[in-house]
Amino acid sequence: MLKRLLDLFFVFFKVGLCTFGGGIAMLPILETELVEKRGWVTSEELIDWFAIGQSTPGIIAVNVATFAGYKRAGVVGGCVGTFGMVCPSIIIITVIAFFISNFADIIWVQKALTGINVAVAAILTSAVYKFSKKSVKNVFGFCLLVISFILIFVFNVNTIYIILGSAFIGVILAGLRGDLRPEKSLPQDEKGGDEK
């Protein structure tokens, strides 16, 4: 158990230390670390957690770290994952505040941040592309994507309403298709589907 908790802490510490831009910008790194390298979660779970993290209080990446930690090691794992994710920021901000009074006014810091912003824009573009490829699986999903984009960027509708509305529409459509029936969630052998 201790090894699992240490693994959780150091994985999320590394993600928190190496990621600029937060939120969606962390998606490719989290996918690499959690899905591809370690197999702790699936891509679908990660995307679901990002959607939930977007609509709940707090920072998206921290919420995802909490979910992943909880899945790996329960409540303690959720706390360890969360602490691992925020720990680098706490250390860096404390050091900056302690040693440098006018950090943002230093010219080389301004130039570095300009370069970082360009890199974050590229990372965000990549994340949005990967995110949409895995999330938009049919015509309904594509229409919802376009409508959501228009509502957010043209009409300035708050994203929480978009998320809640999309969730409501998804549940209604699933109900109409019969996907919410209890037998739909049972394993094949429990439904008697393997009987010959």
# chains A, B, ... in the order shown; residues from 1 in each chain; ligands from 1
>>> select_by_dssp(residues="stretch 110-186 of chain A", states="helix (DSSP H, G or I)", output="PyMOL selection string")
chain A and resi 110-135+139-153+159-177+182-185
>>> residues_around(residues="stretch 28-37 of chain A", least_positions_apart="4", cutoff="7 Å", atoms="only C-alpha atoms", output="list in words")
Val15, Val41, Thr42, Ser43 and Ala127 of chain A
>>> atom_distance(atom1="atom CA of A:Phe83", atom2="atom CA of A:Ile163")
27.1 Å
>>> residues_around(residues="A:Ile162", least_positions_apart="2", cutoff="10 Å", atoms="only C-alpha atoms", output="PyMOL selection string")
chain A and resi 55+144+147-149+151-152+157-160+164-168
>>> write_last_selection(atoms="N, CA and C atoms", output="PDB file, in the first residue's frame")
ATOM      1  N   SER A  55     -16.889  20.923 -14.273  1.00  0.00           N
ATOM      2  CA  SER A  55     -18.177  21.397 -13.756  1.00  0.00           C
ATOM      3  C   SER A  55     -18.253  21.409 -12.232  1.00  0.00           C
ATOM      4  N   LEU A 144     -23.688  18.432 -31.064  1.00  0.00           N
ATOM      5  CA  LEU A 144     -23.583  18.991 -29.721  1.00  0.00           C
ATOM      6  C   LEU A 144     -22.300  19.818 -29.586  1.00  0.00           C
ATOM      7  N   ILE A 147     -22.874  23.159 -31.534  1.00  0.00           N
ATOM      8  CA  ILE A 147     -23.809  24.023 -30.801  1.00  0.00           C
ATOM      9  C   ILE A 147     -23.149  24.593 -29.544  1.00  0.00           C
ATOM     10  N   SER A 148     -22.429  23.741 -28.822  1.00  0.00           N
ATOM     11  CA  SER A 148     -21.743  24.198 -27.612  1.00  0.00           C
ATOM     12  C   SER A 148     -20.711  25.272 -27.938  1.00  0.00           C
ATOM     13  N   PHE A 149     -19.946  25.047 -29.011  1.00  0.00           N
ATOM     14  CA  PHE A 149     -18.934  26.023 -29.431  1.00  0.00           C
ATOM     15  C   PHE A 149     -19.579  27.373 -29.726  1.00  0.00           C
ATOM     16  N   LEU A 151     -22.521  28.523 -28.665  1.00  0.00           N
ATOM     17  CA  LEU A 151     -23.081  29.114 -27.446  1.00  0.00           C
ATOM     18  C   LEU A 151     -21.999  29.755 -26.579  1.00  0.00           C
ATOM     19  N   ILE A 152     -20.829  29.109 -26.515  1.00  0.00           N
ATOM     20  CA  ILE A 152     -19.751  29.630 -25.662  1.00  0.00           C
ATOM     21  C   ILE A 152     -19.062  30.835 -26.291  1.00  0.00           C
ATOM     22  N   VAL A 157     -22.237  32.041 -23.329  1.00  0.00           N
ATOM     23  CA  VAL A 157     -22.981  31.271 -22.337  1.00  0.00           C
ATOM     24  C   VAL A 157     -21.970  30.606 -21.396  1.00  0.00           C
ATOM     25  N   ASN A 158     -22.247  30.647 -20.106  1.00  0.00           N
ATOM     26  CA  ASN A 158     -21.360  30.046 -19.104  1.00  0.00           C
ATOM     27  C   ASN A 158     -21.216  28.552 -19.367  1.00  0.00           C
ATOM     28  N   THR A 159     -19.971  28.047 -19.272  1.00  0.00           N
ATOM     29  CA  THR A 159     -19.718  26.631 -19.589  1.00  0.00           C
ATOM     30  C   THR A 159     -20.456  25.672 -18.665  1.00  0.00           C
ATOM     31  N   ILE A 160     -20.751  26.071 -17.439  1.00  0.00           N
ATOM     32  CA  ILE A 160     -21.463  25.174 -16.523  1.00  0.00           C
ATOM     33  C   ILE A 160     -22.844  24.840 -17.075  1.00  0.00           C
ATOM     34  N   LEU A 164     -24.131  21.089 -17.990  1.00  0.00           N
ATOM     35  CA  LEU A 164     -25.364  20.558 -17.407  1.00  0.00           C
ATOM     36  C   LEU A 164     -26.402  20.244 -18.482  1.00  0.00           C
ATOM     37  N   GLY A 165     -26.522  21.133 -19.456  1.00  0.00           N
ATOM     38  CA  GLY A 165     -27.464  20.901 -20.558  1.00  0.00           C
ATOM     39  C   GLY A 165     -27.097  19.681 -21.374  1.00  0.00           C
ATOM     40  N   SER A 166     -25.809  19.526 -21.663  1.00  0.00           N
ATOM     41  CA  SER A 166     -25.347  18.364 -22.428  1.00  0.00           C
ATOM     42  C   SER A 166     -25.576  17.073 -21.651  1.00  0.00           C
ATOM     43  N   ALA A 167     -25.329  17.120 -20.336  1.00  0.00           N
ATOM     44  CA  ALA A 167     -25.572  15.938 -19.498  1.00  0.00           C
ATOM     45  C   ALA A 167     -27.055  15.573 -19.510  1.00  0.00           C
ATOM     46  N   PHE A 168     -27.910  16.575 -19.404  1.00  0.00           N
ATOM     47  CA  PHE A 168     -29.359  16.336 -19.418  1.00  0.00           C
ATOM     48  C   PHE A 168     -29.793  15.713 -20.749  1.00  0.00           C
TER      49      PHE A 168
END
>>> atom_distance(atom1="atom CA of A:Asp48", atom2="atom CA of A:Asn117")
26.6 Å
>>> closest_atom_pairs(of="stretch 14-85 of chain A", to="stretch 5-10 of chain A", cutoff="7 Å", atoms="only C-alpha atoms", output="Markdown table")
| residue | atom | partner | partner_atom | distance |
| --- | --- | --- | --- | --- |
| A:Lys14 | CA | A:Phe10 | CA | 6.0 |
| A:Gly69 | CA | A:Leu8 | CA | 6.6 |
| A:Gly77 | CA | A:Leu5 | CA | 6.2 |
| A:Val80 | CA | A:Phe9 | CA | 5.7 |
| A:Gly81 | CA | A:Phe9 | CA | 5.4 |
| A:Gly84 | CA | A:Phe9 | CA | 4.6 |
>>> write_last_selection(atoms="N, CA, C and O atoms", output="mmCIF file, in the first residue's frame")
data_model
loop_
_atom_site.group_PDB
_atom_site.id
_atom_site.type_symbol
_atom_site.label_atom_id
_atom_site.label_comp_id
_atom_site.auth_asym_id
_atom_site.auth_seq_id
_atom_site.Cartn_x
_atom_site.Cartn_y
_atom_site.Cartn_z
ATOM 1 N N LYS A 14 5.290 14.883 -10.580
ATOM 2 C CA LYS A 14 5.946 15.119 -11.870
ATOM 3 C C LYS A 14 5.024 15.850 -12.839
ATOM 4 O O LYS A 14 5.449 16.786 -13.529
ATOM 5 N N GLY A 69 -6.392 9.110 -7.811
ATOM 6 C CA GLY A 69 -5.873 8.614 -6.540
ATOM 7 C C GLY A 69 -6.901 7.794 -5.786
ATOM 8 O O GLY A 69 -6.587 6.743 -5.217
ATOM 9 N N GLY A 77 -5.623 7.593 -1.078
ATOM 10 C CA GLY A 77 -5.037 7.773 -2.405
ATOM 11 C C GLY A 77 -5.484 9.066 -3.051
ATOM 12 O O GLY A 77 -4.689 9.757 -3.711
ATOM 13 N N VAL A 80 -3.491 11.814 -1.403
ATOM 14 C CA VAL A 80 -2.082 11.773 -1.819
ATOM 15 C C VAL A 80 -1.935 12.283 -3.251
ATOM 16 O O VAL A 80 -1.024 13.070 -3.554
ATOM 17 N N GLY A 81 -2.827 11.848 -4.151
ATOM 18 C CA GLY A 81 -2.778 12.323 -5.535
ATOM 19 C C GLY A 81 -2.956 13.829 -5.618
ATOM 20 O O GLY A 81 -2.242 14.519 -6.355
ATOM 21 N N GLY A 84 0.172 15.547 -4.258
ATOM 22 C CA GLY A 84 1.256 15.434 -5.238
ATOM 23 C C GLY A 84 1.112 16.435 -6.370
ATOM 24 O O GLY A 84 2.097 17.016 -6.838
#
>>> atom_distance(atom1="atom CA of A:Val136", atom2="atom CA of A:Ile47")
11.5 Å
>>> decode(residues="stretch 164-180 of chain A", atoms="all heavy atoms", output="PDB file, in the first residue's frame")
ATOM      1  N   LEU A 164     -24.131  21.089 -17.990  1.00  0.00           N
ATOM      2  CA  LEU A 164     -25.364  20.558 -17.407  1.00  0.00           C
ATOM      3  C   LEU A 164     -26.402  20.244 -18.482  1.00  0.00           C
ATOM      4  O   LEU A 164     -27.074  19.206 -18.431  1.00  0.00           O
ATOM      5  CB  LEU A 164     -25.935  21.552 -16.385  1.00  0.00           C
ATOM      6  CG  LEU A 164     -25.099  21.760 -15.114  1.00  0.00           C
ATOM      7  CD1 LEU A 164     -25.715  22.857 -14.243  1.00  0.00           C
ATOM      8  CD2 LEU A 164     -24.998  20.461 -14.326  1.00  0.00           C
ATOM      9  N   GLY A 165     -26.522  21.133 -19.456  1.00  0.00           N
ATOM     10  CA  GLY A 165     -27.464  20.901 -20.558  1.00  0.00           C
ATOM     11  C   GLY A 165     -27.097  19.681 -21.374  1.00  0.00           C
ATOM     12  O   GLY A 165     -27.965  18.863 -21.740  1.00  0.00           O
ATOM     13  N   SER A 166     -25.809  19.526 -21.663  1.00  0.00           N
ATOM     14  CA  SER A 166     -25.347  18.364 -22.428  1.00  0.00           C
ATOM     15  C   SER A 166     -25.576  17.073 -21.651  1.00  0.00           C
ATOM     16  O   SER A 166     -25.975  16.046 -22.224  1.00  0.00           O
ATOM     17  CB  SER A 166     -23.860  18.509 -22.762  1.00  0.00           C
ATOM     18  OG  SER A 166     -23.633  19.668 -23.517  1.00  0.00           O
ATOM     19  N   ALA A 167     -25.329  17.120 -20.336  1.00  0.00           N
ATOM     20  CA  ALA A 167     -25.572  15.938 -19.498  1.00  0.00           C
ATOM     21  C   ALA A 167     -27.055  15.573 -19.510  1.00  0.00           C
ATOM     22  O   ALA A 167     -27.420  14.393 -19.648  1.00  0.00           O
ATOM     23  CB  ALA A 167     -25.107  16.202 -18.067  1.00  0.00           C
ATOM     24  N   PHE A 168     -27.910  16.575 -19.404  1.00  0.00           N
ATOM     25  CA  PHE A 168     -29.359  16.336 -19.418  1.00  0.00           C
ATOM     26  C   PHE A 168     -29.793  15.713 -20.749  1.00  0.00           C
ATOM     27  O   PHE A 168     -30.544  14.722 -20.776  1.00  0.00           O
ATOM     28  CB  PHE A 168     -30.092  17.657 -19.172  1.00  0.00           C
ATOM     29  CG  PHE A 168     -31.576  17.538 -19.208  1.00  0.00           C
ATOM     30  CD1 PHE A 168     -32.259  16.958 -18.151  1.00  0.00           C
ATOM     31  CD2 PHE A 168     -32.300  18.004 -20.291  1.00  0.00           C
ATOM     32  CE1 PHE A 168     -33.647  16.840 -18.181  1.00  0.00           C
ATOM     33  CE2 PHE A 168     -33.678  17.890 -20.333  1.00  0.00           C
ATOM     34  CZ  PHE A 168     -34.353  17.309 -19.274  1.00  0.00           C
ATOM     35  N   ILE A 169     -29.295  16.270 -21.852  1.00  0.00           N
ATOM     36  CA  ILE A 169     -29.644  15.739 -23.177  1.00  0.00           C
ATOM     37  C   ILE A 169     -29.141  14.307 -23.329  1.00  0.00           C
ATOM     38  O   ILE A 169     -29.837  13.437 -23.856  1.00  0.00           O
ATOM     39  CB  ILE A 169     -29.065  16.649 -24.285  1.00  0.00           C
ATOM     40  CG1 ILE A 169     -29.771  18.003 -24.277  1.00  0.00           C
ATOM     41  CG2 ILE A 169     -29.194  15.995 -25.657  1.00  0.00           C
ATOM     42  CD1 ILE A 169     -29.105  19.051 -25.139  1.00  0.00           C
ATOM     43  N   GLY A 170     -27.919  14.042 -22.843  1.00  0.00           N
ATOM     44  CA  GLY A 170     -27.358  12.684 -22.922  1.00  0.00           C
ATOM     45  C   GLY A 170     -28.193  11.672 -22.162  1.00  0.00           C
ATOM     46  O   GLY A 170     -28.449  10.558 -22.645  1.00  0.00           O
ATOM     47  N   VAL A 171     -28.658  12.052 -20.964  1.00  0.00           N
ATOM     48  CA  VAL A 171     -29.487  11.148 -20.157  1.00  0.00           C
ATOM     49  C   VAL A 171     -30.838  10.903 -20.840  1.00  0.00           C
ATOM     50  O   VAL A 171     -31.327   9.771 -20.899  1.00  0.00           O
ATOM     51  CB  VAL A 171     -29.692  11.719 -18.733  1.00  0.00           C
ATOM     52  CG1 VAL A 171     -30.750  10.933 -17.979  1.00  0.00           C
ATOM     53  CG2 VAL A 171     -28.372  11.700 -17.975  1.00  0.00           C
ATOM     54  N   ILE A 172     -31.436  11.972 -21.370  1.00  0.00           N
ATOM     55  CA  ILE A 172     -32.728  11.826 -22.061  1.00  0.00           C
ATOM     56  C   ILE A 172     -32.601  10.892 -23.260  1.00  0.00           C
ATOM     57  O   ILE A 172     -33.412   9.970 -23.445  1.00  0.00           O
ATOM     58  CB  ILE A 172     -33.252  13.213 -22.523  1.00  0.00           C
ATOM     59  CG1 ILE A 172     -33.574  14.100 -21.323  1.00  0.00           C
ATOM     60  CG2 ILE A 172     -34.469  13.057 -23.425  1.00  0.00           C
ATOM     61  CD1 ILE A 172     -34.667  13.562 -20.427  1.00  0.00           C
ATOM     62  N   LEU A 173     -31.563  11.091 -24.069  1.00  0.00           N
ATOM     63  CA  LEU A 173     -31.376  10.235 -25.248  1.00  0.00           C
ATOM     64  C   LEU A 173     -31.088   8.790 -24.856  1.00  0.00           C
ATOM     65  O   LEU A 173     -31.585   7.855 -25.490  1.00  0.00           O
ATOM     66  CB  LEU A 173     -30.253  10.779 -26.125  1.00  0.00           C
ATOM     67  CG  LEU A 173     -30.590  12.047 -26.907  1.00  0.00           C
ATOM     68  CD1 LEU A 173     -29.383  12.521 -27.698  1.00  0.00           C
ATOM     69  CD2 LEU A 173     -31.757  11.804 -27.851  1.00  0.00           C
ATOM     70  N   ALA A 174     -30.297   8.606 -23.806  1.00  0.00           N
ATOM     71  CA  ALA A 174     -30.012   7.252 -23.333  1.00  0.00           C
ATOM     72  C   ALA A 174     -31.290   6.580 -22.850  1.00  0.00           C
ATOM     73  O   ALA A 174     -31.514   5.382 -23.089  1.00  0.00           O
ATOM     74  CB  ALA A 174     -28.976   7.289 -22.218  1.00  0.00           C
ATOM     75  N   GLY A 175     -32.162   7.344 -22.182  1.00  0.00           N
ATOM     76  CA  GLY A 175     -33.437   6.805 -21.728  1.00  0.00           C
ATOM     77  C   GLY A 175     -34.337   6.412 -22.894  1.00  0.00           C
ATOM     78  O   GLY A 175     -34.978   5.362 -22.869  1.00  0.00           O
ATOM     79  N   LEU A 176     -34.356   7.255 -23.925  1.00  0.00           N
ATOM     80  CA  LEU A 176     -35.175   6.949 -25.101  1.00  0.00           C
ATOM     81  C   LEU A 176     -34.674   5.706 -25.835  1.00  0.00           C
ATOM     82  O   LEU A 176     -35.466   4.955 -26.401  1.00  0.00           O
ATOM     83  CB  LEU A 176     -35.191   8.158 -26.056  1.00  0.00           C
ATOM     84  CG  LEU A 176     -35.915   9.406 -25.538  1.00  0.00           C
ATOM     85  CD1 LEU A 176     -35.739  10.566 -26.498  1.00  0.00           C
ATOM     86  CD2 LEU A 176     -37.396   9.106 -25.321  1.00  0.00           C
ATOM     87  N   ARG A 177     -33.358   5.497 -25.818  1.00  0.00           N
ATOM     88  CA  ARG A 177     -32.787   4.315 -26.478  1.00  0.00           C
ATOM     89  C   ARG A 177     -32.903   3.076 -25.610  1.00  0.00           C
ATOM     90  O   ARG A 177     -32.612   1.976 -26.064  1.00  0.00           O
ATOM     91  CB  ARG A 177     -31.311   4.558 -26.813  1.00  0.00           C
ATOM     92  CG  ARG A 177     -31.075   5.520 -27.958  1.00  0.00           C
ATOM     93  CD  ARG A 177     -29.635   5.431 -28.457  1.00  0.00           C
ATOM     94  NE  ARG A 177     -28.681   5.601 -27.388  1.00  0.00           N
ATOM     95  CZ  ARG A 177     -28.017   6.718 -27.131  1.00  0.00           C
ATOM     96  NH1 ARG A 177     -28.225   7.785 -27.870  1.00  0.00           N
ATOM     97  NH2 ARG A 177     -27.158   6.789 -26.144  1.00  0.00           N
ATOM     98  N   GLY A 178     -33.251   3.239 -24.346  1.00  0.00           N
ATOM     99  CA  GLY A 178     -33.351   2.104 -23.438  1.00  0.00           C
ATOM    100  C   GLY A 178     -32.025   1.710 -22.809  1.00  0.00           C
ATOM    101  O   GLY A 178     -31.904   0.630 -22.239  1.00  0.00           O
ATOM    102  N   ASP A 179     -31.028   2.596 -22.887  1.00  0.00           N
ATOM    103  CA  ASP A 179     -29.704   2.279 -22.337  1.00  0.00           C
ATOM    104  C   ASP A 179     -29.651   2.371 -20.823  1.00  0.00           C
ATOM    105  O   ASP A 179     -28.648   1.976 -20.219  1.00  0.00           O
ATOM    106  CB  ASP A 179     -28.646   3.224 -22.928  1.00  0.00           C
ATOM    107  CG  ASP A 179     -28.423   2.980 -24.412  1.00  0.00           C
ATOM    108  OD1 ASP A 179     -28.818   1.901 -24.893  1.00  0.00           O
ATOM    109  OD2 ASP A 179     -27.868   3.865 -25.076  1.00  0.00           O
ATOM    110  N   LEU A 180     -30.688   2.897 -20.196  1.00  0.00           N
ATOM    111  CA  LEU A 180     -30.679   3.065 -18.744  1.00  0.00           C
ATOM    112  C   LEU A 180     -31.346   1.903 -18.009  1.00  0.00           C
ATOM    113  O   LEU A 180     -31.399   1.906 -16.785  1.00  0.00           O
ATOM    114  CB  LEU A 180     -31.388   4.375 -18.354  1.00  0.00           C
ATOM    115  CG  LEU A 180     -30.757   5.659 -18.924  1.00  0.00           C
ATOM    116  CD1 LEU A 180     -31.541   6.873 -18.477  1.00  0.00           C
ATOM    117  CD2 LEU A 180     -29.302   5.785 -18.489  1.00  0.00           C
TER     118      LEU A 180
END
